$ cat query.cif   # mmCIF, C-alpha atoms
data_entry
loop_
_atom_site.group_PDB
_atom_site.id
_atom_site.type_symbol
_atom_site.label_atom_id
_atom_site.label_comp_id
_atom_site.auth_asym_id
_atom_site.auth_seq_id
_atom_site.Cartn_x
_atom_site.Cartn_y
_atom_site.Cartn_z
ATOM 1 C CA MET O 1 0.000 0.000 0.000
ATOM 2 C CA SER O 2 1.437 3.401 -0.934
ATOM 3 C CA ARG O 3 0.857 6.414 1.267
ATOM 4 C CA PRO O 4 2.181 9.858 0.249
ATOM 5 C CA THR O 5 3.473 12.001 3.108
ATOM 6 C CA ALA O 6 0.902 14.714 2.378
ATOM 7 C CA CYS O 7 -2.383 14.848 0.532
ATOM 8 C CA ALA O 8 -3.086 17.269 -2.284
ATOM 9 C CA ALA O 9 -4.832 20.397 -0.996
ATOM 10 C CA GLU O 10 -8.063 19.690 -2.862
ATOM 11 C CA LYS O 11 -8.290 16.203 -1.327
ATOM 12 C CA CYS O 12 -7.550 16.986 2.318
ATOM 13 C CA TRP O 13 -11.160 17.808 3.119
ATOM 14 C CA LEU O 14 -12.115 14.321 1.944
ATOM 15 C CA LEU O 15 -9.492 12.659 4.119
ATOM 16 C CA SER O 16 -10.715 14.584 7.153
ATOM 17 C CA MET O 17 -14.063 12.784 6.848
ATOM 18 C CA THR O 18 -12.388 9.436 7.494
ATOM 19 C CA LEU O 19 -11.952 7.961 10.972
ATOM 20 C CA PRO O 20 -8.624 8.585 12.706
ATOM 21 C CA PHE O 21 -6.310 5.582 12.453
ATOM 22 C CA ASP O 22 -6.471 4.767 16.187
ATOM 23 C CA GLN O 23 -10.280 4.740 16.093
ATOM 24 C CA MET O 24 -10.283 2.605 12.947
ATOM 25 C CA LYS O 25 -7.869 0.161 14.550
ATOM 26 C CA SER O 26 -10.005 -0.127 17.680
ATOM 27 C CA LEU O 27 -13.193 -0.746 15.712
ATOM 28 C CA ALA O 28 -11.440 -3.223 13.422
ATOM 29 C CA ALA O 29 -10.114 -5.116 16.453
ATOM 30 C CA THR O 30 -13.658 -5.569 17.788
ATOM 31 C CA GLY O 31 -14.985 -6.630 14.381
ATOM 32 C CA ASP O 32 -17.281 -3.608 14.150
ATOM 33 C CA LEU O 33 -15.588 -2.030 11.115
ATOM 34 C CA ILE O 34 -15.485 -3.045 7.451
ATOM 35 C CA ALA O 35 -14.457 -1.283 4.266
ATOM 36 C CA TYR O 36 -15.440 -1.758 0.649
ATOM 37 C CA PHE O 37 -14.049 -0.471 -2.618
ATOM 38 C CA GLY O 38 -16.569 1.267 -4.836
ATOM 39 C CA TYR O 39 -15.804 1.718 -8.522
ATOM 40 C CA GLY O 40 -19.230 2.834 -9.833
ATOM 41 C CA SER O 41 -22.172 4.439 -8.054
ATOM 42 C CA LEU O 42 -20.596 3.777 -4.640
ATOM 43 C CA VAL O 43 -17.957 6.376 -5.528
ATOM 44 C CA ASN O 44 -20.703 8.993 -5.111
ATOM 45 C CA PRO O 45 -21.524 9.528 -1.404
ATOM 46 C CA ALA O 46 -24.952 10.868 -2.422
ATOM 47 C CA THR O 47 -25.942 7.276 -3.290
ATOM 48 C CA HIS O 48 -24.928 5.805 0.084
ATOM 49 C CA ARG O 49 -27.836 4.530 2.151
ATOM 50 C CA THR O 50 -26.010 3.072 5.163
ATOM 51 C CA PRO O 51 -24.438 4.979 8.104
ATOM 52 C CA VAL O 52 -20.933 5.127 6.625
ATOM 53 C CA LEU O 53 -18.100 6.236 8.896
ATOM 54 C CA GLY O 54 -15.925 7.818 6.229
ATOM 55 C CA TYR O 55 -14.411 7.399 2.799
ATOM 56 C CA VAL O 56 -11.276 8.251 0.883
ATOM 57 C CA PRO O 57 -10.334 8.257 -2.829
ATOM 58 C CA ALA O 58 -8.357 5.136 -3.651
ATOM 59 C CA ARG O 59 -6.958 3.048 -6.480
ATOM 60 C CA LEU O 60 -7.055 -0.749 -6.664
ATOM 61 C CA ARG O 61 -4.333 -2.714 -8.428
ATOM 62 C CA GLY O 62 -5.178 -5.731 -10.575
ATOM 63 C CA TRP O 63 -8.875 -5.066 -11.317
ATOM 64 C CA ARG O 64 -10.653 -3.648 -14.375
ATOM 65 C CA ARG O 65 -14.097 -2.077 -14.798
ATOM 66 C CA SER O 66 -16.602 -2.840 -17.591
ATOM 67 C CA TRP O 67 -20.256 -2.554 -18.555
ATOM 68 C CA VAL O 68 -21.997 -5.921 -18.321
ATOM 69 C CA ALA O 69 -25.514 -7.000 -19.259
ATOM 70 C CA ARG O 70 -27.778 -7.313 -16.214
ATOM 71 C CA PRO O 71 -31.168 -8.463 -17.586
ATOM 72 C CA ASP O 72 -32.188 -9.490 -14.063
ATOM 73 C CA TRP O 73 -32.042 -5.893 -12.812
ATOM 74 C CA ASP O 74 -35.089 -4.659 -14.747
ATOM 75 C CA GLU O 75 -37.392 -7.140 -16.452
ATOM 76 C CA ALA O 76 -39.107 -4.439 -18.506
ATOM 77 C CA GLN O 77 -35.870 -3.068 -19.967
ATOM 78 C CA PRO O 78 -32.634 -5.082 -20.200
ATOM 79 C CA LEU O 79 -29.856 -2.957 -18.756
ATOM 80 C CA SER O 80 -26.091 -2.894 -18.479
ATOM 81 C CA LEU O 81 -24.480 -2.036 -15.157
ATOM 82 C CA LEU O 82 -20.899 -1.671 -14.047
ATOM 83 C CA SER O 83 -18.813 -4.542 -12.803
ATOM 84 C CA ALA O 84 -15.148 -5.081 -12.001
ATOM 85 C CA SER O 85 -13.120 -8.230 -12.402
ATOM 86 C CA PRO O 86 -9.526 -9.331 -11.814
ATOM 87 C CA SER O 87 -7.231 -8.153 -14.573
ATOM 88 C CA ASN O 88 -3.612 -7.500 -15.371
ATOM 89 C CA ALA O 89 -1.601 -6.985 -12.210
ATOM 90 C CA ASP O 90 -0.414 -3.615 -13.516
ATOM 91 C CA HIS O 91 -3.912 -2.257 -14.108
ATOM 92 C CA MET O 92 -5.106 0.434 -11.675
ATOM 93 C CA LEU O 93 -8.803 1.010 -10.991
ATOM 94 C CA ASP O 94 -9.906 4.403 -9.618
ATOM 95 C CA GLY O 95 -12.577 4.319 -6.935
ATOM 96 C CA LEU O 96 -13.530 5.091 -3.350
ATOM 97 C CA LEU O 97 -12.710 3.167 -0.184
ATOM 98 C CA VAL O 98 -15.744 3.393 2.105
ATOM 99 C CA PHE O 99 -15.635 2.642 5.847
ATOM 100 C CA ASP O 100 -18.845 1.306 7.350
ATOM 101 C CA HIS O 101 -20.293 -0.742 10.203
ATOM 102 C CA LYS O 102 -20.219 -4.525 9.885
ATOM 103 C CA SER O 103 -23.981 -4.450 10.511
ATOM 104 C CA SER O 104 -24.386 -2.693 7.132
ATOM 105 C CA LEU O 105 -23.265 -5.780 5.183
ATOM 106 C CA PRO O 106 -26.787 -7.235 4.687
ATOM 107 C CA SER O 107 -27.992 -3.891 3.304
ATOM 108 C CA LEU O 108 -24.973 -3.671 1.028
ATOM 109 C CA ASP O 109 -25.500 -7.216 -0.218
ATOM 110 C CA GLU O 110 -29.129 -6.336 -0.949
ATOM 111 C CA ARG O 111 -28.090 -3.207 -2.826
ATOM 112 C CA GLU O 112 -25.586 -5.252 -4.810
ATOM 113 C CA ALA O 113 -28.032 -8.052 -5.689
ATOM 114 C CA GLY O 114 -26.650 -9.914 -8.679
ATOM 115 C CA TYR O 115 -23.099 -9.320 -7.466
ATOM 116 C CA GLN O 116 -20.754 -11.501 -5.468
ATOM 117 C CA ARG O 117 -18.717 -10.065 -2.614
ATOM 118 C CA HIS O 118 -14.960 -10.723 -2.634
ATOM 119 C CA ALA O 119 -12.333 -9.974 -0.013
ATOM 120 C CA ILE O 120 -9.373 -7.913 -1.231
ATOM 121 C CA SER O 121 -6.015 -7.184 0.370
ATOM 122 C CA VAL O 122 -5.088 -3.790 1.738
ATOM 123 C CA ASP O 123 -1.752 -4.270 -0.052
ATOM 124 C CA ALA O 124 -3.557 -3.927 -3.398
ATOM 125 C CA LEU O 125 -4.832 -0.453 -2.481
ATOM 126 C CA HIS O 126 -3.135 2.875 -3.125
ATOM 127 C CA ILE O 127 -4.585 5.380 -0.650
ATOM 128 C CA GLU O 128 -3.449 8.429 1.292
ATOM 129 C CA ILE O 129 -4.220 7.180 4.800
ATOM 130 C CA ASP O 130 -3.162 4.263 6.982
ATOM 131 C CA VAL O 131 -5.587 1.343 7.218
ATOM 132 C CA PRO O 132 -5.376 -1.442 9.832
ATOM 133 C CA ASN O 133 -4.089 -4.667 8.313
ATOM 134 C CA GLU O 134 -6.848 -6.640 10.067
ATOM 135 C CA LEU O 135 -9.634 -4.575 8.487
ATOM 136 C CA PRO O 136 -11.900 -6.680 6.202
ATOM 137 C CA ILE O 137 -12.078 -5.023 2.773
ATOM 138 C CA PHE O 138 -14.531 -6.082 0.059
ATOM 139 C CA ILE O 139 -15.378 -5.487 -3.585
ATOM 140 C CA TYR O 140 -18.498 -6.542 -5.491
ATOM 141 C CA GLU O 141 -18.246 -8.320 -8.862
ATOM 142 C CA ALA O 142 -21.314 -9.067 -10.999
ATOM 143 C CA PHE O 143 -22.334 -12.696 -11.409
ATOM 144 C CA PRO O 144 -22.004 -13.794 -15.045
ATOM 145 C CA ALA O 145 -25.153 -13.093 -17.046
ATOM 146 C CA ALA O 146 -26.823 -15.904 -18.989
ATOM 147 C CA ASP O 147 -25.055 -16.753 -22.235
ATOM 148 C CA ASP O 148 -28.080 -15.698 -24.252
ATOM 149 C CA ALA O 149 -28.614 -12.429 -22.366
ATOM 150 C CA ALA O 150 -29.247 -9.518 -24.691
ATOM 151 C CA ASN O 151 -27.011 -6.507 -24.317
ATOM 152 C CA GLY O 152 -28.821 -3.975 -22.164
ATOM 153 C CA LEU O 153 -28.880 -0.207 -22.238
ATOM 154 C CA ILE O 154 -26.925 2.052 -19.878
ATOM 155 C CA LEU O 155 -29.193 4.350 -17.860
ATOM 156 C CA GLN O 156 -28.115 7.973 -18.192
ATOM 157 C CA SER O 157 -29.392 8.597 -14.646
ATOM 158 C CA TYR O 158 -27.102 5.843 -13.336
ATOM 159 C CA LEU O 159 -24.156 7.147 -15.333
ATOM 160 C CA ASP O 160 -24.789 10.673 -14.041
ATOM 161 C CA ALA O 161 -24.545 9.446 -10.442
ATOM 162 C CA VAL O 162 -21.358 7.516 -11.190
ATOM 163 C CA LEU O 163 -19.612 10.346 -13.017
ATOM 164 C CA GLN O 164 -20.613 12.986 -10.481
ATOM 165 C CA GLY O 165 -18.900 10.837 -7.871
ATOM 166 C CA PHE O 166 -15.707 10.547 -9.893
ATOM 167 C CA ASP O 167 -15.715 14.288 -10.579
ATOM 168 C CA GLN O 168 -16.040 15.036 -6.858
ATOM 169 C CA MET O 169 -13.675 12.373 -5.539
ATOM 170 C CA HIS O 170 -10.938 12.255 -8.202
ATOM 171 C CA GLY O 171 -11.010 15.783 -9.554
ATOM 172 C CA LYS O 172 -10.134 17.290 -12.909
ATOM 173 C CA GLY O 173 -9.998 14.798 -15.764
ATOM 174 C CA ALA O 174 -11.672 12.009 -13.760
ATOM 175 C CA ILE O 175 -14.701 11.780 -16.068
ATOM 176 C CA SER O 176 -12.546 11.300 -19.144
ATOM 177 C CA ARG O 177 -10.311 8.798 -17.346
ATOM 178 C CA PHE O 178 -13.369 6.833 -16.289
ATOM 179 C CA VAL O 179 -14.530 6.542 -19.898
ATOM 180 C CA ASP O 180 -11.058 5.640 -21.141
ATOM 181 C CA THR O 181 -10.579 2.887 -18.537
ATOM 182 C CA THR O 182 -14.045 1.256 -18.708
ATOM 183 C CA ASP O 183 -14.689 -1.524 -21.222
ATOM 184 C CA ASN O 184 -17.829 -1.914 -23.376
ATOM 185 C CA PHE O 185 -18.690 1.767 -23.662
ATOM 186 C CA HIS O 186 -20.111 0.989 -27.102
ATOM 187 C CA THR O 187 -23.287 0.013 -25.203
ATOM 188 C CA PRO O 188 -26.139 2.457 -26.058
ATOM 189 C CA ILE O 189 -27.143 4.961 -23.366
ATOM 190 C CA LEU O 190 -30.824 5.569 -22.578
ATOM 191 C CA LYS O 191 -31.719 9.257 -22.109
ATOM 192 C CA ASP O 192 -33.638 9.053 -18.837
ATOM 193 C CA ARG O 193 -32.111 12.056 -17.035
ATOM 194 C CA THR O 194 -35.409 13.967 -16.891
ATOM 195 C CA LEU O 195 -37.378 10.859 -15.831
ATOM 196 C CA PRO O 196 -34.710 8.890 -13.954
ATOM 197 C CA ARG O 197 -35.116 5.144 -13.644
ATOM 198 C CA TYR O 198 -32.102 4.762 -11.393
ATOM 199 C CA PRO O 199 -33.432 4.687 -7.796
ATOM 200 C CA ARG O 200 -30.506 6.730 -6.404
ATOM 201 C CA SER O 201 -30.461 9.442 -9.050
ATOM 202 C CA VAL O 202 -28.677 12.733 -8.325
ATOM 203 C CA GLU O 203 -28.895 16.422 -9.236
ATOM 204 C CA LEU O 204 -25.985 17.656 -11.344
ATOM 205 C CA THR O 205 -24.501 21.130 -11.240
ATOM 206 C CA GLY O 206 -24.372 23.021 -14.510
ATOM 207 C CA ASP O 207 -20.630 22.439 -14.816
ATOM 208 C CA GLN O 208 -20.977 18.719 -14.088
ATOM 209 C CA LYS O 209 -23.738 18.348 -16.662
ATOM 210 C CA ALA O 210 -21.695 20.195 -19.297
ATOM 211 C CA SER O 211 -18.580 18.117 -18.606
ATOM 212 C CA ILE O 212 -20.447 14.802 -18.641
ATOM 213 C CA ASP O 213 -22.415 15.617 -21.786
ATOM 214 C CA ALA O 214 -19.341 16.816 -23.663
ATOM 215 C CA THR O 215 -17.377 13.679 -22.754
ATOM 216 C CA LEU O 216 -20.216 11.314 -23.693
ATOM 217 C CA ALA O 217 -21.342 13.064 -26.885
ATOM 218 C CA GLN O 218 -19.447 10.525 -28.997
ATOM 219 C CA PHE O 219 -21.524 7.574 -27.809
ATOM 220 C CA ASN O 220 -24.733 6.005 -29.071
ATOM 221 C CA TRP O 221 -27.830 7.504 -27.417
ATOM 222 C CA VAL O 222 -31.351 6.090 -27.284
ATOM 223 C CA GLU O 223 -34.379 8.336 -26.701
ATOM 224 C CA LEU O 224 -36.600 7.456 -23.766
ATOM 225 C CA ALA O 225 -40.019 6.225 -24.874
ATOM 226 C CA ARG O 226 -42.775 8.293 -23.285
ATOM 227 C CA ASP O 227 -46.280 7.027 -22.555
#
$ encode --input "query.cif" --output "structure tokens"
Amino acid sequence: MSRPTACAAEKCWLLSMTLPFDQMKSLAATGDLIAYFGYGSLVNPATHRTPVLGYVPARLRGWRRSWVARPDWDEAQPLSLLSASPSNADHMLDGLLVFDHKSSLPSLDEREAGYQRHAISVDALHIEIDVPNELPIFIYEAFPAADDAANGLILQSYLDAVLQGFDQMHGKGAISRFVDTTDNFHTPILKDRTLPRYPRSVELTGDQKASIDATLAQFNWVELARD
């Protein structure tokens, strides 16, 4: 695990929201503390629905992010959601390390239905704080879809929440880096921003909307059917 001696000025306010190391170590020793690495919507704190104790921008070595068909997520409209899977050992995945209560695990597993929870090593993380070695750290990977599953659409409302998180947590250029490092972005995107189908949709600032729309203009868009 790498830990710079000082955080960049624009990130220090994020680090201050994370538990002090001594408090983390005490909670981890009692089994009351867990952490999980978010690489999609979990990067955006506005989508969190459990009593998280803190979070910090992080990078995970040896995993790669992609859009995968999740026909089980919405029977009326086959969709594609984000997943991550083990990859080249040199590959770095941007995300957010979230600290939470162990009692939140059932709620997290319910949120991540269709995903399997894996344990990951703190040594694979690049973060700007110390983390107790005994702390359980998890990541969620989507179960394989059926072989005959049709490619689903990406919800714009879901993508907005994801990219707002990356913009806030990883700063300038994060939206473009996300696109460049995520596989299967040829998947069509459904324009549901005004009538969001994603249950944890967010409000974008004008600058965020402009940045997201400019970056994604090159992709294939599908108009939302209206009753």
$ closest_residue --input "query.cif" --among "O:Thr18, O:Gln208, O:Ser121, O:Thr194" --to "Gly165 (chain O)" --atoms "only C-alpha atoms"
O:Gln208
$ resolve_selection --input "query.cif" --expression "the PyMOL selection byres ((chain O and resi 118) around 7)" --output "short mmCIF file (atom, residue, chain, number, x, y, z; two decimals) with C-alpha atoms, in the coordinates of the input"
data_model
loop_
_atom_site.label_atom_id
_atom_site.label_comp_id
_atom_site.auth_asym_id
_atom_site.auth_seq_id
_atom_site.Cartn_x
_atom_site.Cartn_y
_atom_site.Cartn_z
CA GLN O 116 -20.75 -11.50 -5.47
CA ARG O 117 -18.72 -10.06 -2.61
CA ALA O 119 -12.33 -9.97 -0.01
CA ILE O 120 -9.37 -7.91 -1.23
CA PHE O 138 -14.53 -6.08 0.06
CA ILE O 139 -15.38 -5.49 -3.58
CA TYR O 140 -18.50 -6.54 -5.49
#
$ closest_residue --input "query.cif" --among "O:Leu33, O:Met169, O:Ala214, O:Val162" --to "Leu53 (chain O)" --atoms "all atoms listed in the file"
O:Leu33
$ resolve_selection --input "query.cif" --expression "the PyMOL selection byres ((chain O and resi 124) around 9)" --output "list in words"
Met1, Arg59, Leu60, Arg61, Gly62, Ile120, Ser121, Val122, Asp123, Leu125 and His126 of chain O
$ resolve_selection --input "query.cif" --expression "the PyMOL selection byres ((chain O and resi 84) around 10)" --output "list in words"
Gly38, Tyr39, Gly40, Trp63, Arg64, Arg65, Ser66, Trp67, Val68, Leu82, Ser83, Ser85, Pro86, Ser87, Leu93, Ile139, Tyr140, Glu141, Ala142, Thr182 and Asp183 of chain O
$ write_last_selection --input "query.cif" --atoms "C-alpha atoms" --output "PDB file, in the coordinates of the input"
ATOM      1  CA  GLY O  38     -16.569   1.267  -4.836  1.00  0.00           C
ATOM      2  CA  TYR O  39     -15.804   1.718  -8.522  1.00  0.00           C
ATOM      3  CA  GLY O  40     -19.230   2.834  -9.833  1.00  0.00           C
ATOM      4  CA  TRP O  63      -8.875  -5.066 -11.317  1.00  0.00           C
ATOM      5  CA  ARG O  64     -10.653  -3.648 -14.375  1.00  0.00           C
ATOM      6  CA  ARG O  65     -14.097  -2.077 -14.798  1.00  0.00           C
ATOM      7  CA  SER O  66     -16.602  -2.840 -17.591  1.00  0.00           C
ATOM      8  CA  TRP O  67     -20.256  -2.554 -18.555  1.00  0.00           C
ATOM      9  CA  VAL O  68     -21.997  -5.921 -18.321  1.00  0.00           C
ATOM     10  CA  LEU O  82     -20.899  -1.671 -14.047  1.00  0.00           C
ATOM     11  CA  SER O  83     -18.813  -4.542 -12.803  1.00  0.00           C
ATOM     12  CA  SER O  85     -13.120  -8.230 -12.402  1.00  0.00           C
ATOM     13  CA  PRO O  86      -9.526  -9.331 -11.814  1.00  0.00           C
ATOM     14  CA  SER O  87      -7.231  -8.153 -14.573  1.00  0.00           C
ATOM     15  CA  LEU O  93      -8.803   1.010 -10.991  1.00  0.00           C
ATOM     16  CA  ILE O 139     -15.378  -5.487  -3.585  1.00  0.00           C
ATOM     17  CA  TYR O 140     -18.498  -6.542  -5.491  1.00  0.00           C
ATOM     18  CA  GLU O 141     -18.246  -8.320  -8.862  1.00  0.00           C
ATOM     19  CA  ALA O 142     -21.314  -9.067 -10.999  1.00  0.00           C
ATOM     20  CA  THR O 182     -14.045   1.256 -18.708  1.00  0.00           C
ATOM     21  CA  ASP O 183     -14.689  -1.524 -21.222  1.00  0.00           C
TER      22      ASP O 183
END
$ closest_residue --input "query.cif" --among "O:Val52, O:Ile189, O:Ala46, O:Leu97" --to "Leu81 (chain O)" --atoms "all atoms listed in the file"
O:Ile189
$ residues_near_point --input "query.cif" --point "(-19.0, 2.6, -31.2)" --cutoff "10 Å" --atoms "only C-alpha atoms" --output "list of chain:residue names"
O:Asn184, O:Phe185, O:His186, O:Thr187, O:Pro188, O:Gln218, O:Phe219, O:Asn220
$ residues_near_point --input "query.cif" --point "(-34.8, 8.2, -10.8)" --cutoff "12 Å" --atoms "all atoms listed in the file" --output "count of residues only"
21
$ residues_around --input "query.cif" --residues "Leu79 (chain O)" --least-positions-apart "6" --cutoff "6 Å" --atoms "all atoms listed in the file" --output "ChimeraX atom specification"
/O:69-71,152-154
$ residues_around --input "query.cif" --residues "region 25-27 of chain O" --least-positions-apart "6" --cutoff "10 Å" --atoms "all atoms listed in the file" --output "PyMOL selection string"
chain O and resi 19+33-34+101-102+130-135
$ atom_distance --input "query.cif" --atom1 "CA of Tyr36 (chain O)" --atom2 "CA of Ser104 (chain O)"
11.1 Å
$ atom_distance --input "query.cif" --atom1 "CA of Leu190 (chain O)" --atom2 "CA of Lys172 (chain O)"
25.7 Å
$ closest_residue --input "query.cif" --among "O:Glu112, O:Asp100, O:Asp94, O:Glu128" --to "Leu163 (chain O)" --atoms "all atoms listed in the file"
O:Asp94
